[in-house]
$ cat coords_34.cif   # mmCIF, C-alpha atoms
data_data
loop_
_atom_site.label_atom_id
_atom_site.label_comp_id
_atom_site.auth_asym_id
_atom_site.auth_seq_id
_atom_site.Cartn_x
_atom_site.Cartn_y
_atom_site.Cartn_z
CA MET A 1 77.65 105.41 98.31
CA ALA A 2 80.52 104.20 96.12
CA GLU A 3 83.10 101.97 97.78
CA GLN A 4 86.27 103.89 98.67
CA LYS A 5 89.38 102.39 97.08
CA THR A 6 92.73 102.28 98.80
CA SER A 7 95.52 104.13 96.99
CA PRO A 8 98.13 101.85 95.39
CA SER A 9 101.16 101.15 97.56
CA GLY A 10 104.76 101.27 96.40
CA LEU A 11 104.92 97.69 97.64
CA ASP A 12 102.56 96.68 94.85
CA ARG A 13 105.26 97.33 92.25
CA LEU A 14 107.98 94.98 91.06
CA ILE A 15 111.45 96.51 91.43
CA ALA A 16 114.77 95.82 89.73
CA PRO A 17 117.24 93.61 91.63
CA GLU A 18 120.01 95.41 93.50
CA ILE A 19 122.33 92.74 94.94
CA ARG A 20 123.52 91.27 91.66
CA ARG A 21 126.93 90.55 90.15
CA ASP A 22 128.76 92.59 92.79
CA ARG A 23 130.95 91.98 95.87
CA PHE A 24 127.97 91.34 98.10
CA ALA A 25 126.44 88.83 95.68
CA ARG A 26 129.76 86.97 95.52
CA ALA A 27 129.98 86.89 99.33
CA ILE A 28 126.44 85.48 99.49
CA GLU A 29 127.31 82.73 97.00
CA THR A 30 130.41 81.79 98.99
CA ILE A 31 128.48 81.51 102.25
CA ALA A 32 125.70 79.46 100.67
CA ALA A 33 128.34 77.00 99.42
CA THR A 34 130.05 76.76 102.83
CA GLU A 35 130.16 73.39 104.57
CA GLY A 36 127.76 73.19 107.51
CA VAL A 37 125.31 75.78 106.18
CA ARG A 38 121.95 74.01 106.13
CA HIS A 39 119.25 76.64 106.77
CA ILE A 40 119.45 80.10 105.21
CA LEU A 41 117.01 82.94 105.90
CA GLU A 42 116.64 85.71 103.34
CA ILE A 43 114.64 88.70 104.60
CA GLY A 44 113.55 90.80 101.65
CA ALA A 45 113.73 88.41 98.70
CA SER A 46 111.76 90.70 96.36
CA ALA A 47 111.06 88.99 93.01
CA GLY A 48 113.96 86.57 93.47
CA GLU A 49 116.33 87.92 90.85
CA GLY A 50 118.92 89.56 93.12
CA SER A 51 120.19 88.12 96.38
CA THR A 52 117.96 85.05 95.99
CA GLU A 53 119.75 84.17 92.77
CA ALA A 54 123.10 84.48 94.58
CA TRP A 55 121.92 82.24 97.44
CA VAL A 56 120.67 79.61 95.00
CA SER A 57 123.90 79.68 92.96
CA GLY A 58 125.92 79.04 96.10
CA ALA A 59 123.54 76.41 97.46
CA LEU A 60 123.82 74.43 94.23
CA ARG A 61 127.56 74.15 94.87
CA ASN A 62 127.00 72.93 98.43
CA PRO A 63 126.88 69.09 98.66
CA GLN A 64 124.54 69.43 101.68
CA ARG A 65 122.10 71.49 99.58
CA PRO A 66 120.86 73.94 102.23
CA THR A 67 117.23 75.03 102.46
CA LEU A 68 116.69 78.65 101.52
CA HIS A 69 113.81 80.33 103.39
CA CYS A 70 112.73 83.52 101.58
CA ILE A 71 110.54 86.18 103.18
CA GLU A 72 108.82 88.72 100.93
CA VAL A 73 105.94 90.87 102.14
CA SER A 74 104.91 92.44 98.80
CA ILE A 75 102.19 90.29 97.23
CA PRO A 76 103.18 90.92 93.56
CA ARG A 77 106.88 90.43 94.32
CA PHE A 78 106.10 87.26 96.25
CA ALA A 79 104.15 85.88 93.28
CA ALA A 80 107.12 86.59 90.99
CA LEU A 81 109.48 84.99 93.54
CA VAL A 82 107.44 81.79 93.67
CA GLU A 83 107.24 81.59 89.89
CA ARG A 84 110.97 82.26 89.47
CA TRP A 85 112.04 79.41 91.77
CA ARG A 86 109.12 76.97 91.51
CA THR A 87 111.36 74.21 90.14
CA CYS A 88 113.85 74.44 93.05
CA ASP A 89 112.50 72.31 95.86
CA PHE A 90 115.01 73.68 98.38
CA VAL A 91 113.68 77.24 98.02
CA ARG A 92 110.79 77.94 100.43
CA CYS A 93 108.86 81.20 100.02
CA TYR A 94 106.77 83.00 102.66
CA ASN A 95 104.42 85.93 102.13
CA LEU A 96 104.48 87.42 105.61
CA SER A 97 106.22 90.03 107.71
CA SER A 98 109.47 89.12 109.44
CA VAL A 99 108.25 90.88 112.59
CA PRO A 100 104.85 92.37 113.52
CA VAL A 101 104.00 96.06 113.18
CA GLU A 102 104.32 96.47 116.95
CA ARG A 103 108.08 96.07 116.55
CA PHE A 104 108.45 98.81 113.96
CA PRO A 105 110.01 102.03 115.28
CA GLY A 106 107.82 105.04 116.02
CA GLU A 107 107.86 108.14 113.85
CA GLU A 108 109.69 110.12 116.55
CA GLU A 109 112.56 107.59 116.59
CA VAL A 110 112.89 107.70 112.81
CA ALA A 111 112.73 111.51 112.72
CA LEU A 112 115.39 111.75 115.46
CA PHE A 113 117.70 109.44 113.50
CA HIS A 114 117.14 111.47 110.33
CA ARG A 115 117.95 114.70 112.13
CA GLU A 116 120.97 113.64 114.20
CA VAL A 117 122.74 110.84 112.31
CA ARG A 118 124.78 111.60 109.21
CA SER A 119 123.48 108.62 107.24
CA LYS A 120 122.49 108.19 103.61
CA LEU A 121 118.88 108.56 104.71
CA ARG A 122 119.51 112.29 105.01
CA ASN A 123 119.45 112.44 101.22
CA VAL A 124 115.70 111.87 101.42
CA ARG A 125 113.26 114.40 102.85
CA ILE A 126 111.90 113.38 106.26
CA GLU A 127 108.33 113.66 104.98
CA LYS A 128 109.07 110.99 102.38
CA VAL A 129 110.86 108.75 104.89
CA LEU A 130 107.92 108.87 107.27
CA GLY A 131 105.67 108.15 104.31
CA TRP A 132 107.63 104.94 103.73
CA LEU A 133 107.13 103.96 107.36
CA ARG A 134 103.39 104.60 107.23
CA GLN A 135 103.15 102.72 103.93
CA ASP A 136 104.88 99.63 105.32
CA ILE A 137 102.67 99.50 108.40
CA ALA A 138 99.48 100.17 106.42
CA TYR A 139 100.34 97.42 103.92
CA LEU A 140 100.83 94.82 106.63
CA ARG A 141 97.56 95.75 108.29
CA GLU A 142 95.56 95.98 105.08
CA HIS A 143 96.71 92.55 103.88
CA ASP A 144 96.77 90.90 107.31
CA LEU A 145 100.49 90.13 106.99
CA SER A 146 101.67 91.38 110.39
CA THR A 147 103.12 88.40 112.20
CA ASP A 148 106.22 87.02 113.94
CA GLY A 149 107.32 85.56 110.62
CA ILE A 150 110.85 84.60 111.63
CA ARG A 151 109.60 82.78 114.71
CA ARG A 152 106.92 81.04 112.67
CA ILE A 153 109.45 79.70 110.15
CA ARG A 154 111.75 78.48 112.90
CA ALA A 155 108.90 76.69 114.65
CA GLN A 156 107.53 75.17 111.44
CA HIS A 157 110.89 73.62 110.52
CA GLY A 158 112.32 72.97 113.99
CA ILE A 159 115.20 75.39 113.48
CA ALA A 160 116.95 76.46 116.67
CA THR A 161 119.26 78.92 114.89
CA PHE A 162 119.67 79.75 111.21
CA ASP A 163 123.10 79.14 109.73
CA ALA A 164 123.04 82.27 107.56
CA VAL A 165 120.73 85.29 107.55
CA LEU A 166 120.42 88.22 105.16
CA ILE A 167 118.74 91.27 106.73
CA ASP A 168 117.48 93.30 103.79
CA GLY A 169 113.74 93.79 104.29
CA SER A 170 111.94 96.93 105.34
CA GLU A 171 113.98 100.07 105.97
CA PHE A 172 112.63 100.04 109.52
CA THR A 173 112.94 96.48 110.86
CA GLY A 174 116.67 95.66 110.82
CA LYS A 175 117.10 96.02 114.57
CA ALA A 176 114.13 93.79 115.40
CA GLU A 177 115.24 91.22 112.81
CA LEU A 178 118.71 91.01 114.33
CA GLU A 179 117.15 90.35 117.73
CA GLU A 180 115.28 87.40 116.18
CA THR A 181 118.29 85.94 114.34
CA TYR A 182 121.23 86.75 116.62
CA GLY A 183 123.36 83.66 117.07
CA ALA A 184 123.35 82.66 113.42
CA ARG A 185 126.74 81.58 112.13
CA PHE A 186 126.65 84.21 109.37
CA LEU A 187 124.82 87.54 109.57
CA LEU A 188 124.70 89.61 106.39
CA LEU A 189 123.55 93.24 106.47
CA ASP A 190 122.60 95.41 103.53
CA ASP A 191 122.18 99.20 103.77
CA ILE A 192 124.54 99.70 106.71
CA ARG A 193 124.68 103.44 105.95
CA SER A 194 120.93 103.87 106.30
CA PHE A 195 118.40 103.39 109.11
CA LYS A 196 117.85 99.74 108.18
CA ASN A 197 121.17 98.40 109.43
CA TRP A 198 122.99 101.43 110.84
CA GLU A 199 122.62 100.26 114.43
CA THR A 200 122.89 96.53 113.74
CA TYR A 201 126.20 97.00 111.93
CA ARG A 202 127.68 98.94 114.83
CA ARG A 203 126.37 96.46 117.35
CA LEU A 204 127.97 93.49 115.57
CA LYS A 205 131.21 95.35 114.84
CA ASP A 206 131.70 95.86 118.58
CA ASP A 207 130.50 92.37 119.55
CA PRO A 208 133.33 89.95 120.48
CA ALA A 209 131.04 87.06 119.59
CA TYR A 210 131.27 88.02 115.91
CA ARG A 211 134.05 88.88 113.49
CA LEU A 212 133.77 91.08 110.42
CA VAL A 213 134.38 89.00 107.28
CA THR A 214 133.96 91.68 104.65
CA ARG A 215 132.25 95.02 104.11
CA SER A 216 131.88 97.86 101.67
CA ARG A 217 130.73 101.36 102.51
CA TRP A 218 130.43 102.32 98.85
CA THR A 219 128.36 99.55 97.30
CA ARG A 220 124.91 101.20 97.18
CA ASN A 221 124.25 102.05 100.86
CA GLY A 222 126.96 99.73 102.14
CA PHE A 223 126.96 96.08 103.24
CA ALA A 224 128.71 93.93 105.82
CA VAL A 225 129.15 90.21 106.49
CA PHE A 226 129.82 88.85 109.98
CA GLU A 227 130.66 85.33 111.14
CA ARG A 228 130.19 84.01 114.67
CA ALA A 229 133.56 83.76 116.38
CA SER A 230 132.91 80.36 117.88
#

$ encode --input "coords_34.cif" --output "structure tokens"
Amino acid sequence: MAEQKTSPSGLDRLIAPEIRRDRFARAIETIAATEGVRHILEIGASAGEGSTEAWVSGALRNPQRPTLHCIEVSIPRFAALVERWRTCDFVRCYNLSSVPVERFPGEEEVALFHREVRSKLRNVRIEKVLGWLRQDIAYLREHDLSTDGIRRIRAQHGIATFDAVLIDGSEFTGKAELEETYGARFLLLDDIRSFKNWETYRRLKDDPAYRLVTRSRWTRNGFAVFERAS
């Protein structure tokens, strides 16, 4: 019997950079150049031509030259990321999941959000949204990438708390990623008008431990930058 082949995943494709030459990219550069920022975590680096480029540009202006830890789960995008920044010794790349599949939301939770919350995700049919969720989970399992990636990076480098974190990975893991990085001096959220960071944005906006530095509701699906109040 012929071997059954797995259908290609959307995660096997390279995608164009999104956070580039806009307000969010400029905010990222400013934070990377800020005194005292030593360890940066970028969740969802893709091929390294968008937000990664902004982080690197800012880090090069920082006399302390922070270490940039880049998580990218897509194998082809990770390969492009490594190649793009192979000459920058302060850029560390990791092909793993930020959080394991057990911390992804269930289909019922996603469907409830789609039905009841007036977010940008409503512009996409629920069948397609759930297909994205299944695809993400299947990809992690198929390639044995499901792990506590954020915890692993912290343990490997002896990092108690990251100085700056960009949460821009899977559509479905923003809440779990905030739980793992809460306490960072800077927390940057992309897609605050979608499932990814809808709840995390509202949590931080109402949190007295953080102050809102800047935000835009109209840049793509919205972004926000928070800084710890003390």

$ residues_around --input "coords_34.cif" --residues "Ser97 in chain A" --least-positions-apart "6" --cutoff "9 Å" --atoms "all atoms listed in the file" --output "ChimeraX atom specification"
/A:71-73,140,145-150

$ residues_around --input "coords_34.cif" --residues "range 165-175 of chain A" --least-positions-apart "5" --cutoff "8 Å" --atoms "all atoms listed in the file" --output "ChimeraX atom specification"
/A:40-45,72,99,103-105,133,136,181,184,186-191,194-197,199-200

$ resolve_selection --input "coords_34.cif" --expression "the PyMOL selection byres ((chain A and resi 204-207) around 12)" --output "number ranges by chain"
A: 175, 178-179, 182-184, 186-189, 192, 197-203, 208-215, 224-229

$ atom_distance --input "coords_34.cif" --atom1 "CA of Asn62 in chain A" --atom2 "CA of Phe24 in chain A"
18.4 Å

$ resolve_selection --input "coords_34.cif" --expression "the PyMOL selection byres ((chain A and resi 8-23) around 6)" --output "PyMOL selection string"
chain A and resi 7+24-26+49-51+74+76-77

$ write_last_selection --input "coords_34.cif" --atoms "C-alpha atoms" --output "PDB file, in the coordinates of the input"
ATOM      1  CA  SER A   7      95.520 104.130  96.990  1.00  0.00           C
ATOM      2  CA  PHE A  24     127.970  91.340  98.100  1.00  0.00           C
ATOM      3  CA  ALA A  25     126.440  88.830  95.680  1.00  0.00           C
ATOM      4  CA  ARG A  26     129.760  86.970  95.520  1.00  0.00           C
ATOM      5  CA  GLU A  49     116.330  87.920  90.850  1.00  0.00           C
ATOM      6  CA  GLY A  50     118.920  89.560  93.120  1.00  0.00           C
ATOM      7  CA  SER A  51     120.190  88.120  96.380  1.00  0.00           C
ATOM      8  CA  SER A  74     104.910  92.440  98.800  1.00  0.00           C
ATOM      9  CA  PRO A  76     103.180  90.920  93.560  1.00  0.00           C
ATOM     10  CA  ARG A  77     106.880  90.430  94.320  1.00  0.00           C
TER      11      ARG A  77
END

$ residues_near_point --input "coords_34.cif" --point "(130.7, 79.5, 96.5)" --cutoff "8 Å" --atoms "only C-alpha atoms" --output "number ranges by chain"
A: 26-34, 57-59, 61-62

$ atom_distance --input "coords_34.cif" --atom1 "CA of Asp144 in chain A" --atom2 "CA of Gly106 in chain A"
19.9 Å

$ atom_distance --input "coords_34.cif" --atom1 "CA of Arg38 in chain A" --atom2 "CA of Cys70 in chain A"
14.0 Å

$ closest_residue --input "coords_34.cif" --among "A:Arg152, A:Arg217, A:Arg193, A:Pro63" --to "Phe113 in chain A" --atoms "all atoms listed in the file"
A:Arg193

$ closest_residue --input "coords_34.cif" --among "A:Ala54, A:Leu68, A:Ala160, A:Ala47" --to "Val82 in chain A" --atoms "all atoms listed in the file"
A:Ala47

$ axis_aligned_box --input "coords_34.cif" --around "range 201-220 of chain A" --padding-each-side "6 Å" --output "lines of an AutoDock Vina configuration file"
center_x = 129.6
center_y = 94.7
center_z = 108.8
size_x = 21.5
size_y = 27.3
size_z = 35.3

$ closest_residue --input "coords_34.cif" --among "A:Lys128, A:His69, A:Arg115, A:His157" --to "Cys93 in chain A" --atoms "only C-alpha atoms"
A:His69

$ closest_residue --input "coords_34.cif" --among "A:Glu107, A:Glu180, A:Asp163, A:Arg141" --to "Glu127 in chain A" --atoms "all atoms listed in the file"
A:Glu107

$ closest_residue --input "coords_34.cif" --among "A:Ser119, A:Thr219, A:Gln135, A:Gln156" --to "Arg92 in chain A" --atoms "only C-alpha atoms"
A:Gln156

$ closest_residue --input "coords_34.cif" --among "A:Trp55, A:Val91, A:Phe223, A:Pro100" --to "Ile137 in chain A" --atoms "all atoms listed in the file"
A:Pro100
